[in-house]
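Q: mmCIF, C-alpha atoms, pLDDT in the B column; chains and numbers go by the auth columns, saved as structure-v8.cif, coming up:
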```cif
data_data
loop_
_atom_site.group_PDB
_atom_site.id
_atom_site.type_symbol
_atom_site.label_atom_id
_atom_site.label_comp_id
_atom_site.label_asym_id
_atom_site.label_seq_id
_atom_site.Cartn_x
_atom_site.Cartn_y
_atom_site.Cartn_z
_atom_site.B_iso_or_equiv
_atom_site.auth_seq_id
_atom_site.auth_asym_id
ATOM 1 C CA MET A 1 35.078 -82.906 -27.767 53.00 291 T
ATOM 2 C CA ALA A 2 37.472 -81.253 -25.343 50.00 292 T
ATOM 3 C CA THR A 3 37.374 -82.416 -21.752 49.00 293 T
ATOM 4 C CA VAL A 4 37.842 -79.620 -19.283 47.00 294 T
ATOM 5 C CA GLY A 5 38.632 -80.125 -15.635 47.00 295 T
ATOM 6 C CA GLN A 6 38.284 -77.698 -12.798 47.00 296 T
ATOM 7 C CA THR A 7 36.725 -77.256 -9.394 46.00 297 T
ATOM 8 C CA ALA A 8 32.989 -76.663 -9.121 48.00 298 T
ATOM 9 C CA GLN A 9 31.802 -73.160 -9.906 51.00 299 T
ATOM 10 C CA PRO A 10 28.524 -71.381 -9.088 51.00 300 T
ATOM 11 C CA VAL A 11 25.728 -72.322 -11.451 53.00 301 T
ATOM 12 C CA ILE A 12 24.497 -69.451 -13.613 53.00 302 T
ATOM 13 C CA ALA A 13 20.791 -69.522 -14.387 53.00 303 T
ATOM 14 C CA PRO A 14 19.892 -69.616 -18.095 55.00 304 T
ATOM 15 C CA ALA A 15 17.793 -66.978 -19.773 53.00 305 T
ATOM 16 C CA PRO A 16 14.020 -67.556 -20.014 49.00 306 T
ATOM 17 C CA ALA A 17 12.996 -69.780 -22.912 47.00 307 T
ATOM 18 C CA LEU A 18 12.099 -68.031 -26.177 43.00 308 T
ATOM 19 C CA PRO A 19 10.787 -69.383 -29.501 43.00 309 T
ATOM 20 C CA ALA A 20 13.160 -71.844 -31.100 42.00 310 T
ATOM 21 C CA GLN A 21 12.993 -70.117 -34.473 41.00 311 T
ATOM 22 C CA PHE A 22 15.537 -67.526 -33.447 41.00 312 T
ATOM 23 C CA ARG A 23 16.965 -65.468 -36.270 43.00 313 T
ATOM 24 C CA PRO A 24 19.412 -62.563 -35.847 44.00 314 T
ATOM 25 C CA PRO A 25 18.070 -59.136 -36.868 46.00 315 T
ATOM 26 C CA ALA A 26 18.613 -58.052 -40.446 44.00 316 T
ATOM 27 C CA SER A 27 21.381 -55.678 -39.356 43.00 317 T
ATOM 28 C CA ALA A 28 23.390 -58.697 -38.208 42.00 318 T
ATOM 29 C CA GLN A 29 23.711 -59.964 -41.757 41.00 319 T
ATOM 30 C CA PRO A 30 27.054 -59.117 -43.427 41.00 320 T
ATOM 31 C CA ALA A 31 27.166 -56.762 -46.366 41.00 321 T
ATOM 32 C CA ARG A 32 29.189 -59.096 -48.571 43.00 322 T
ATOM 33 C CA PRO A 33 30.025 -62.804 -48.779 43.00 323 T
ATOM 34 C CA PHE A 34 32.403 -64.431 -46.313 44.00 324 T
ATOM 35 C CA VAL A 35 32.849 -61.228 -44.281 51.00 325 T
ATOM 36 C CA ASP A 36 31.469 -60.493 -40.811 58.00 326 T
ATOM 37 C CA ARG A 37 31.864 -56.914 -39.589 60.00 327 T
ATOM 38 C CA PHE A 38 29.419 -55.971 -36.862 59.00 328 T
ATOM 39 C CA GLU A 39 30.572 -52.364 -36.610 47.00 329 T
ATOM 40 C CA ALA A 40 27.376 -50.353 -37.177 40.00 330 T
ATOM 41 C CA GLY A 41 26.268 -47.566 -34.823 43.00 331 T
ATOM 42 C CA PRO A 42 25.227 -48.636 -31.299 44.00 332 T
ATOM 43 C CA ALA A 43 21.518 -48.485 -32.115 46.00 333 T
ATOM 44 C CA ARG A 44 21.987 -51.046 -34.896 72.00 334 T
ATOM 45 C CA LEU A 45 24.382 -53.474 -33.240 88.00 335 T
ATOM 46 C CA PRO A 46 22.770 -56.922 -33.055 93.00 336 T
ATOM 47 C CA TRP A 47 23.392 -57.148 -29.294 94.00 337 T
ATOM 48 C CA SER A 48 22.063 -53.655 -28.482 93.00 338 T
ATOM 49 C CA PHE A 49 19.039 -55.180 -26.707 95.00 339 T
ATOM 50 C CA ARG A 50 21.379 -56.162 -23.868 96.00 340 T
ATOM 51 C CA GLY A 51 22.153 -52.598 -22.803 93.00 341 T
ATOM 52 C CA GLY A 52 23.692 -49.366 -23.962 91.00 342 T
ATOM 53 C CA PRO A 53 27.361 -48.936 -24.836 90.00 343 T
ATOM 54 C CA ASN A 54 28.053 -47.226 -21.513 93.00 344 T
ATOM 55 C CA THR A 55 26.609 -50.042 -19.390 96.00 345 T
ATOM 56 C CA GLU A 56 28.737 -52.845 -17.953 97.00 346 T
ATOM 57 C CA ILE A 57 27.141 -55.457 -20.192 97.00 347 T
ATOM 58 C CA GLY A 58 27.410 -53.182 -23.236 96.00 348 T
ATOM 59 C CA ARG A 59 31.132 -52.625 -22.686 96.00 349 T
ATOM 60 C CA THR A 60 31.694 -56.322 -21.985 98.00 350 T
ATOM 61 C CA VAL A 61 29.972 -57.496 -25.158 97.00 351 T
ATOM 62 C CA GLN A 62 31.734 -54.884 -27.272 96.00 352 T
ATOM 63 C CA ALA A 63 35.105 -56.034 -25.912 97.00 353 T
ATOM 64 C CA MET A 64 34.223 -59.643 -26.741 98.00 354 T
ATOM 65 C CA ALA A 65 33.253 -58.682 -30.282 96.00 355 T
ATOM 66 C CA GLU A 66 36.459 -56.737 -30.808 96.00 356 T
ATOM 67 C CA ARG A 67 38.601 -59.665 -29.668 97.00 357 T
ATOM 68 C CA ALA A 68 36.668 -62.011 -31.966 97.00 358 T
ATOM 69 C CA ARG A 69 37.132 -59.575 -34.855 96.00 359 T
ATOM 70 C CA ALA A 70 40.910 -59.912 -34.488 96.00 360 T
ATOM 71 C CA SER A 71 40.706 -63.599 -35.404 96.00 361 T
ATOM 72 C CA THR A 72 42.107 -64.328 -38.861 95.00 362 T
ATOM 73 C CA THR A 73 41.153 -68.018 -38.984 97.00 363 T
ATOM 74 C CA ARG A 74 38.234 -68.990 -41.224 96.00 364 T
ATOM 75 C CA ILE A 75 36.514 -72.351 -41.572 96.00 365 T
ATOM 76 C CA GLY A 76 34.334 -72.799 -44.612 94.00 366 T
ATOM 77 C CA GLY A 77 34.089 -69.020 -44.978 93.00 367 T
ATOM 78 C CA GLN A 78 32.847 -68.604 -41.391 95.00 368 T
ATOM 79 C CA SER A 79 34.542 -66.200 -38.984 96.00 369 T
ATOM 80 C CA ALA A 80 34.860 -66.401 -35.207 97.00 370 T
ATOM 81 C CA GLU A 81 33.228 -62.969 -34.992 96.00 371 T
ATOM 82 C CA GLY A 82 30.196 -64.020 -37.000 95.00 372 T
ATOM 83 C CA LEU A 83 29.667 -67.329 -35.207 97.00 373 T
ATOM 84 C CA LEU A 84 30.150 -65.816 -31.755 97.00 374 T
ATOM 85 C CA THR A 85 27.844 -62.896 -32.535 97.00 375 T
ATOM 86 C CA ARG A 86 24.976 -65.000 -33.870 96.00 376 T
ATOM 87 C CA ALA A 87 25.260 -67.888 -31.412 98.00 377 T
ATOM 88 C CA ILE A 88 26.078 -65.972 -28.220 98.00 378 T
ATOM 89 C CA LEU A 89 26.212 -62.173 -28.247 98.00 379 T
ATOM 90 C CA ALA A 90 23.043 -61.527 -30.285 97.00 380 T
ATOM 91 C CA ASN A 91 21.193 -64.645 -29.135 97.00 381 T
ATOM 92 C CA PRO A 92 18.333 -63.691 -26.762 97.00 382 T
ATOM 93 C CA LEU A 93 18.405 -67.221 -25.343 97.00 383 T
ATOM 94 C CA ILE A 94 21.764 -66.325 -23.761 98.00 384 T
ATOM 95 C CA SER A 95 21.326 -64.115 -20.700 98.00 385 T
ATOM 96 C CA ASN A 96 23.396 -61.108 -19.683 98.00 386 T
ATOM 97 C CA GLU A 97 24.307 -62.990 -16.511 98.00 387 T
ATOM 98 C CA GLN A 98 25.731 -65.852 -18.555 98.00 388 T
ATOM 99 C CA ILE A 99 27.790 -63.459 -20.660 98.00 389 T
ATOM 100 C CA MET A 100 29.167 -61.694 -17.586 98.00 390 T
ATOM 101 C CA ALA A 101 30.074 -65.081 -16.089 98.00 391 T
ATOM 102 C CA MET A 102 31.974 -65.957 -19.274 98.00 392 T
ATOM 103 C CA SER A 103 33.914 -62.701 -19.043 98.00 393 T
ATOM 104 C CA ARG A 104 35.077 -63.570 -15.509 97.00 394 T
ATOM 105 C CA MET A 105 36.428 -67.031 -16.293 97.00 395 T
ATOM 106 C CA ARG A 106 40.036 -67.794 -15.395 97.00 396 T
ATOM 107 C CA PRO A 107 42.602 -70.030 -17.145 97.00 397 T
ATOM 108 C CA ALA A 108 41.776 -73.006 -14.915 95.00 398 T
ATOM 109 C CA GLY A 109 38.213 -72.847 -16.225 94.00 399 T
ATOM 110 C CA VAL A 110 39.280 -73.546 -19.795 96.00 400 T
ATOM 111 C CA ALA A 111 42.093 -76.009 -19.047 97.00 401 T
ATOM 112 C CA SER A 112 41.940 -79.670 -20.043 96.00 402 T
ATOM 113 C CA THR A 113 43.134 -82.362 -17.677 95.00 403 T
ATOM 114 C CA PRO A 114 46.792 -83.477 -17.808 95.00 404 T
ATOM 115 C CA ARG A 115 45.597 -86.852 -19.121 93.00 405 T
ATOM 116 C CA ALA A 116 43.670 -85.203 -21.978 94.00 406 T
ATOM 117 C CA ILE A 117 46.649 -83.014 -22.890 96.00 407 T
ATOM 118 C CA GLU A 118 49.072 -85.946 -22.949 95.00 408 T
ATOM 119 C CA ARG A 119 46.741 -88.203 -24.941 94.00 409 T
ATOM 120 C CA THR A 120 45.919 -85.463 -27.451 96.00 410 T
ATOM 121 C CA LEU A 121 49.540 -84.653 -28.224 97.00 411 T
ATOM 122 C CA ARG A 122 50.395 -88.341 -28.540 94.00 412 T
ATOM 123 C CA GLU A 123 47.519 -88.920 -30.979 94.00 413 T
ATOM 124 C CA ILE A 124 47.677 -85.577 -32.853 96.00 414 T
ATOM 125 C CA PRO A 125 51.141 -84.046 -32.289 97.00 415 T
ATOM 126 C CA ASP A 126 50.368 -80.966 -34.398 97.00 416 T
ATOM 127 C CA ALA A 127 46.950 -80.348 -32.828 98.00 417 T
ATOM 128 C CA ARG A 128 47.778 -76.775 -31.807 98.00 418 T
ATOM 129 C CA SER A 129 48.595 -75.793 -35.397 98.00 419 T
ATOM 130 C CA GLN A 130 45.269 -76.997 -36.809 97.00 420 T
ATOM 131 C CA PRO A 131 42.801 -74.291 -37.993 97.00 421 T
ATOM 132 C CA ASN A 132 39.958 -75.981 -36.100 97.00 422 T
ATOM 133 C CA HIS A 133 41.951 -75.688 -32.877 98.00 423 T
ATOM 134 C CA GLN A 134 42.902 -72.069 -33.514 98.00 424 T
ATOM 135 C CA PHE A 135 39.287 -71.157 -34.347 98.00 425 T
ATOM 136 C CA THR A 136 38.074 -72.686 -31.058 98.00 426 T
ATOM 137 C CA VAL A 137 40.810 -70.909 -29.132 98.00 427 T
ATOM 138 C CA ASP A 138 39.734 -67.625 -30.740 98.00 428 T
ATOM 139 C CA LEU A 139 36.128 -68.138 -29.584 98.00 429 T
ATOM 140 C CA LEU A 140 37.233 -68.759 -25.996 98.00 430 T
ATOM 141 C CA HIS A 141 39.747 -65.910 -26.054 98.00 431 T
ATOM 142 C CA ALA A 142 37.021 -63.554 -27.253 98.00 432 T
ATOM 143 C CA VAL A 143 34.672 -64.158 -24.332 98.00 433 T
ATOM 144 C CA THR A 144 37.192 -64.698 -21.530 98.00 434 T
ATOM 145 C CA GLY A 145 40.017 -62.323 -22.465 98.00 435 T
ATOM 146 C CA ILE A 146 42.503 -65.071 -21.591 98.00 436 T
ATOM 147 C CA ASP A 147 45.424 -64.943 -24.014 98.00 437 T
ATOM 148 C CA ARG A 148 45.370 -67.429 -26.872 98.00 438 T
ATOM 149 C CA GLU A 149 48.725 -68.973 -25.991 98.00 439 T
ATOM 150 C CA THR A 150 47.515 -69.953 -22.523 98.00 440 T
ATOM 151 C CA ILE A 151 44.255 -71.418 -23.813 98.00 441 T
ATOM 152 C CA SER A 152 46.070 -73.395 -26.506 98.00 442 T
ATOM 153 C CA ARG A 153 48.800 -74.618 -24.175 98.00 443 T
ATOM 154 C CA ASN A 154 46.254 -75.823 -21.601 97.00 444 T
ATOM 155 C CA GLY A 155 43.825 -77.332 -24.118 98.00 445 T
ATOM 156 C CA PRO A 156 45.364 -78.849 -27.264 98.00 446 T
ATOM 157 C CA ASP A 157 42.262 -81.041 -27.597 97.00 447 T
ATOM 158 C CA LEU A 158 40.081 -77.983 -28.260 98.00 448 T
ATOM 159 C CA GLY A 159 38.653 -78.242 -31.760 98.00 449 T
ATOM 160 C CA MET A 160 39.381 -81.968 -32.075 97.00 450 T
ATOM 161 C CA THR A 161 36.388 -84.245 -32.569 95.00 451 T
ATOM 162 C CA GLY A 162 35.717 -86.909 -29.964 91.00 452 T
ATOM 163 C CA SER A 163 37.163 -87.008 -26.464 90.00 453 T
ATOM 164 C CA ALA A 164 40.762 -87.298 -25.330 89.00 454 T
ATOM 165 C CA GLU A 165 39.529 -88.866 -22.080 84.00 455 T
ATOM 166 C CA ARG A 166 37.575 -91.685 -23.724 78.00 456 T
ATOM 167 C CA GLY A 167 39.127 -94.755 -25.279 69.00 457 T
ATOM 168 C CA ALA A 168 38.637 -95.749 -28.899 60.00 458 T
ATOM 169 C CA VAL A 169 35.702 -98.099 -29.465 56.00 459 T
ATOM 170 C CA LEU A 170 37.052 -100.122 -32.406 53.00 460 T
ATOM 171 C CA PRO A 171 39.207 -103.161 -31.505 53.00 461 T
ATOM 172 C CA TRP A 172 42.079 -102.203 -33.813 48.00 462 T
ATOM 173 C CA ASN A 173 42.288 -98.792 -32.089 60.00 463 T
ATOM 174 C CA TRP A 174 42.209 -100.014 -28.497 59.00 464 T
ATOM 175 C CA GLY A 175 44.617 -98.099 -26.310 61.00 465 T
ATOM 176 C CA ARG A 176 44.179 -94.904 -28.345 72.00 466 T
ATOM 177 C CA PRO A 177 41.891 -91.993 -27.441 79.00 467 T
ATOM 178 C CA PHE A 178 38.500 -91.517 -29.114 85.00 468 T
ATOM 179 C CA LEU A 179 39.834 -88.404 -30.826 92.00 469 T
ATOM 180 C CA TRP A 180 40.498 -87.231 -34.374 93.00 470 T
ATOM 181 C CA ARG A 181 40.905 -84.174 -36.584 95.00 471 T
ATOM 182 C CA PRO A 182 37.565 -83.035 -38.031 96.00 472 T
ATOM 183 C CA ASP A 183 37.017 -84.565 -41.451 94.00 473 T
ATOM 184 C CA ASN A 184 35.466 -81.484 -43.077 96.00 474 T
ATOM 185 C CA ASP A 185 34.468 -77.851 -42.491 97.00 475 T
ATOM 186 C CA ARG A 186 30.999 -78.774 -41.220 96.00 476 T
ATOM 187 C CA GLU A 187 32.451 -81.075 -38.566 96.00 477 T
ATOM 188 C CA ALA A 188 35.167 -78.554 -37.693 97.00 478 T
ATOM 189 C CA LEU A 189 32.616 -75.775 -37.066 97.00 479 T
ATOM 190 C CA SER A 190 30.270 -77.920 -34.996 97.00 480 T
ATOM 191 C CA THR A 191 33.206 -79.252 -32.968 97.00 481 T
ATOM 192 C CA ALA A 192 34.502 -75.734 -32.326 98.00 482 T
ATOM 193 C CA LEU A 193 31.124 -74.467 -31.181 98.00 483 T
ATOM 194 C CA HIS A 194 30.413 -77.527 -29.046 97.00 484 T
ATOM 195 C CA ASP A 195 33.828 -77.351 -27.399 97.00 485 T
ATOM 196 C CA PHE A 196 32.998 -73.731 -26.592 98.00 486 T
ATOM 197 C CA THR A 197 29.584 -74.524 -25.078 98.00 487 T
ATOM 198 C CA ASP A 198 30.898 -77.607 -23.259 96.00 488 T
ATOM 199 C CA THR A 199 33.669 -75.526 -21.722 97.00 489 T
ATOM 200 C CA MET A 200 31.033 -73.086 -20.458 97.00 490 T
ATOM 201 C CA ALA A 201 28.955 -75.907 -18.958 96.00 491 T
ATOM 202 C CA THR A 202 31.938 -77.487 -17.213 94.00 492 T
ATOM 203 C CA ALA A 203 32.935 -74.089 -15.804 95.00 493 T
ATOM 204 C CA GLY A 204 29.464 -73.625 -14.285 95.00 494 T
ATOM 205 C CA VAL A 205 27.837 -71.369 -16.890 97.00 495 T
ATOM 206 C CA ARG A 206 24.746 -73.510 -17.285 95.00 496 T
ATOM 207 C CA GLY A 207 22.170 -73.221 -20.025 97.00 497 T
ATOM 208 C CA VAL A 208 24.491 -72.366 -22.911 98.00 498 T
ATOM 209 C CA GLN A 209 24.446 -75.927 -24.258 96.00 499 T
ATOM 210 C CA GLN A 210 20.646 -75.928 -24.061 97.00 500 T
ATOM 211 C CA ALA A 211 20.371 -72.595 -25.873 97.00 501 T
ATOM 212 C CA ILE A 212 22.588 -73.725 -28.760 98.00 502 T
ATOM 213 C CA TRP A 213 21.994 -77.475 -29.094 97.00 503 T
ATOM 214 C CA GLY A 214 18.677 -78.003 -27.333 96.00 504 T
ATOM 215 C CA SER A 215 20.285 -80.228 -24.698 95.00 505 T
ATOM 216 C CA GLU A 216 22.325 -79.442 -21.599 94.00 506 T
ATOM 217 C CA ASP A 217 23.606 -83.018 -21.413 93.00 507 T
ATOM 218 C CA ARG A 218 27.232 -83.327 -22.526 91.00 508 T
ATOM 219 C CA ALA A 219 26.792 -86.507 -24.561 90.00 509 T
ATOM 220 C CA GLY A 220 23.413 -85.472 -25.927 93.00 510 T
ATOM 221 C CA SER A 221 24.592 -82.053 -27.061 95.00 511 T
ATOM 222 C CA ALA A 222 27.735 -83.557 -28.598 93.00 512 T
ATOM 223 C CA ALA A 223 25.658 -86.047 -30.560 93.00 513 T
ATOM 224 C CA ARG A 224 23.361 -83.310 -31.832 95.00 514 T
ATOM 225 C CA SER A 225 26.282 -81.133 -32.877 96.00 515 T
ATOM 226 C CA TRP A 226 27.935 -83.994 -34.755 93.00 516 T
ATOM 227 C CA ILE A 227 24.752 -85.198 -36.464 95.00 517 T
ATOM 228 C CA ASN A 228 23.155 -81.835 -37.287 95.00 518 T
ATOM 229 C CA GLY A 229 26.113 -79.459 -37.431 96.00 519 T
ATOM 230 C CA VAL A 230 25.924 -75.834 -36.330 97.00 520 T
ATOM 231 C CA PRO A 231 22.309 -74.571 -36.426 96.00 521 T
ATOM 232 C CA ARG A 232 21.855 -72.679 -39.675 94.00 522 T
ATOM 233 C CA GLN A 233 20.702 -69.469 -37.971 95.00 523 T
ATOM 234 C CA PHE A 234 24.170 -69.067 -36.474 96.00 524 T
ATOM 235 C CA LEU A 235 26.014 -69.286 -39.791 94.00 525 T
ATOM 236 C CA GLU A 236 26.981 -66.647 -42.337 86.00 526 T
ATOM 237 C CA PRO A 237 24.226 -67.245 -44.942 79.00 527 T
ATOM 238 C CA THR A 238 26.350 -66.686 -48.067 64.00 528 T
ATOM 239 C CA ALA A 239 28.971 -69.155 -46.807 53.00 529 T
ATOM 240 C CA GLN A 240 26.528 -71.976 -46.028 50.00 530 T
ATOM 241 C CA ARG A 241 26.834 -75.067 -48.168 47.00 531 T
#
```
As structure tokens, please, write out the structure in this file.

A:
Amino acid sequence: MATVGQTAQPVIAPAPALPAQFRPPASAQPARPFVDRFEAGPARLPWSFRGGPNTEIGRTVQAMAERARASTTRIGGQSAEGLLTRAILANPLISNEQIMAMSRMRPAGVASTPRAIERTLREIPDARSQPNHQFTVDLLHAVTGIDRETISRNGPDLGMTGSAERGAVLPWNWGRPFLWRPDNDREALSTALHDFTDTMATAGVRGVQQAIWGSEDRAGSAARSWINGVPRQFLEPTAQR
């Protein structure tokens, strides 16, 4: 997973715990396979419980959704808009305060360390051109408003499985980072979403890892994402395999 370095930020309290069997409302389901378009009237938008379209939170969430909608990268039929909507924007386990904190993040908050950047590009020279990287960048661009080029330039390890900071564990790989391209769509999606939540945690937006993976711990949440994949309730149903 991506390693992000920055100075300590204020801790944002997570939303109150709700039942684990969260499912998005029926209106959040797409009308046809492999397409996510959350463009219904305000009363039917899956995040409408957060506040009206003329409130600060309503405008912020709508802007995030519109930026996610501009993403053209798909992984296994899943879109950045659909994953972000189900996992974050329409997820009642994510608080309005957490979403507002995401919207105020600055480039330093989503930047990897110089060591991680150097090791990533040495191990995977074309990392920035990989769909899994571009998908992860689109998720972060959507919530922060930071331009994609800056996010990609400062975090080529985004969307790569493993950690650019850690060393390889197998003897014949010693000296190389514990980092690789995802082997399949399932791994690519879980890596993208975990890199997103881990970036939030490192930047001080606490509770997002817990809401998505059931663990706020970096290693624990990474293990759950790799073993279990993205929770099914956050995926486009017709594209699930």

Q: Please check which residues have atoms at most 8 Å from (31.4, -79.9, -45.6) in the file's coordinates, counting only C-alpha atoms, and write them as a list in words.

A: Gly366, Asn474, Asp475, Arg476, Glu477 and Arg531 of chain T

Q: How many Å separate CA of Pro521 in chain T from CA of His484 in chain T?

A: 11.4 Å

Q: From the list T:Gly372, T:Gly342, T:Pro397, T:Gly504, which residue is nearest His431 in chain T when using only C-alpha atoms?

A: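 The closest residue to His431 in chain T is T:Pro397.
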
Q: Run through the PyMOL selection byres ((chain T and resi 444) around 10) on the given coordinates and return the selected residues as JSON, numbers by chain.

A: {"T": [294, 397, 398, 400, 401, 402, 403, 404, 406, 407, 438, 439, 440, 441, 442, 443, 445, 446, 447, 448]}

Q: How far is it from CA of Leu374 in chain T to CA of Gln523 in chain T, in Å with one decimal?

A: 11.9 Å

Q: Would you compute the distance between CA of Asp473 in chain T and CA of Gly452 in chain T? Give it in Å to one decimal.

A: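 Computed distance, CA of Asp473 in chain T to CA of Gly452 in chain T, equals 11.8 Å.
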
Q: Measuring atom to atom with only C-alpha atoms, identify which of T:Asp485, T:Glu413, T:Glu371, T:Asp507 is nearest to Leu469 in chain T.

A: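 Distance minimum relative to Leu469 in chain T lands on T:Glu413.
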
Q: Name the residues, using the chain letters and numbers of the file, that sit within 10 Å of (35.6, -57.6, -27.3) when counting all atoms listed in the file, and give them as a ChimeraX atom specification.

A: /T:349-360,371,393,431-435

Q: Find the spatial neighbours of Thr362 in chain T, counting only C-alpha atoms, within a cut-off of 12 Å - ignore same-chain residues fewer than 2 positions away - and output them as a list of chain:residue names.

A: T:Val325, T:Asp326, T:Arg357, T:Ala358, T:Arg359, T:Ala360, T:Arg364, T:Ile365, T:Gly367, T:Gln368, T:Ser369, T:Ala370, T:Glu371, T:Pro421, T:Gln424, T:Phe425, T:Val427, T:Asp428, T:Leu429

Q: Between T:Asn381, T:Thr481, T:Gln388, T:Thr489, which one has atoms that come closest to Ser515 in chain T, using all atoms listed in the file?

A: T:Thr481

Q: Gly341 in chain T: which residues within 12 Å, counting only C-alpha atoms, same-chain residues fewer than 2 positions away excluded, as a list in words?

A: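 That gives Pro332, Ala333, Leu335, Pro336, Trp337, Ser338, Phe339, Pro343, Asn344, Thr345, Glu346, Ile347, Gly348, Arg349, Thr350, Val351, Gln352, Leu379, Ala380, Ser385 and Asn386 of chain T.
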
Q: On this structure, which residues satisfy the PyMOL selection byres ((chain T and resi 456) around 6), written as a list in words?

A: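 When the PyMOL selection byres ((chain T and resi 456) around 6) is applied, the selected residues are Ser453, Ala454, Glu455, Gly457, Pro467 and Phe468 of chain T.
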
Q: Just want the 9 Å neighbourhood of Gln499 in chain T, counted on all atoms listed in the file, with same-chain residues fewer than 6 positions away dropped. Output as a JSON list (two decimals) with C-alpha atoms, keeping the file's coordinate frame.

A:
```json
[["chain", "number", "residue", "atom", "x", "y", "z"],
["T", 484, "HIS", "CA", 30.41, -77.53, -29.05],
["T", 487, "THR", "CA", 29.58, -74.52, -25.08],
["T", 488, "ASP", "CA", 30.90, -77.61, -23.26],
["T", 490, "MET", "CA", 31.03, -73.09, -20.46],
["T", 491, "ALA", "CA", 28.96, -75.91, -18.96],
["T", 505, "SER", "CA", 20.28, -80.23, -24.70],
["T", 506, "GLU", "CA", 22.32, -79.44, -21.60],
["T", 507, "ASP", "CA", 23.61, -83.02, -21.41],
["T", 508, "ARG", "CA", 27.23, -83.33, -22.53],
["T", 511, "SER", "CA", 24.59, -82.05, -27.06]]
```
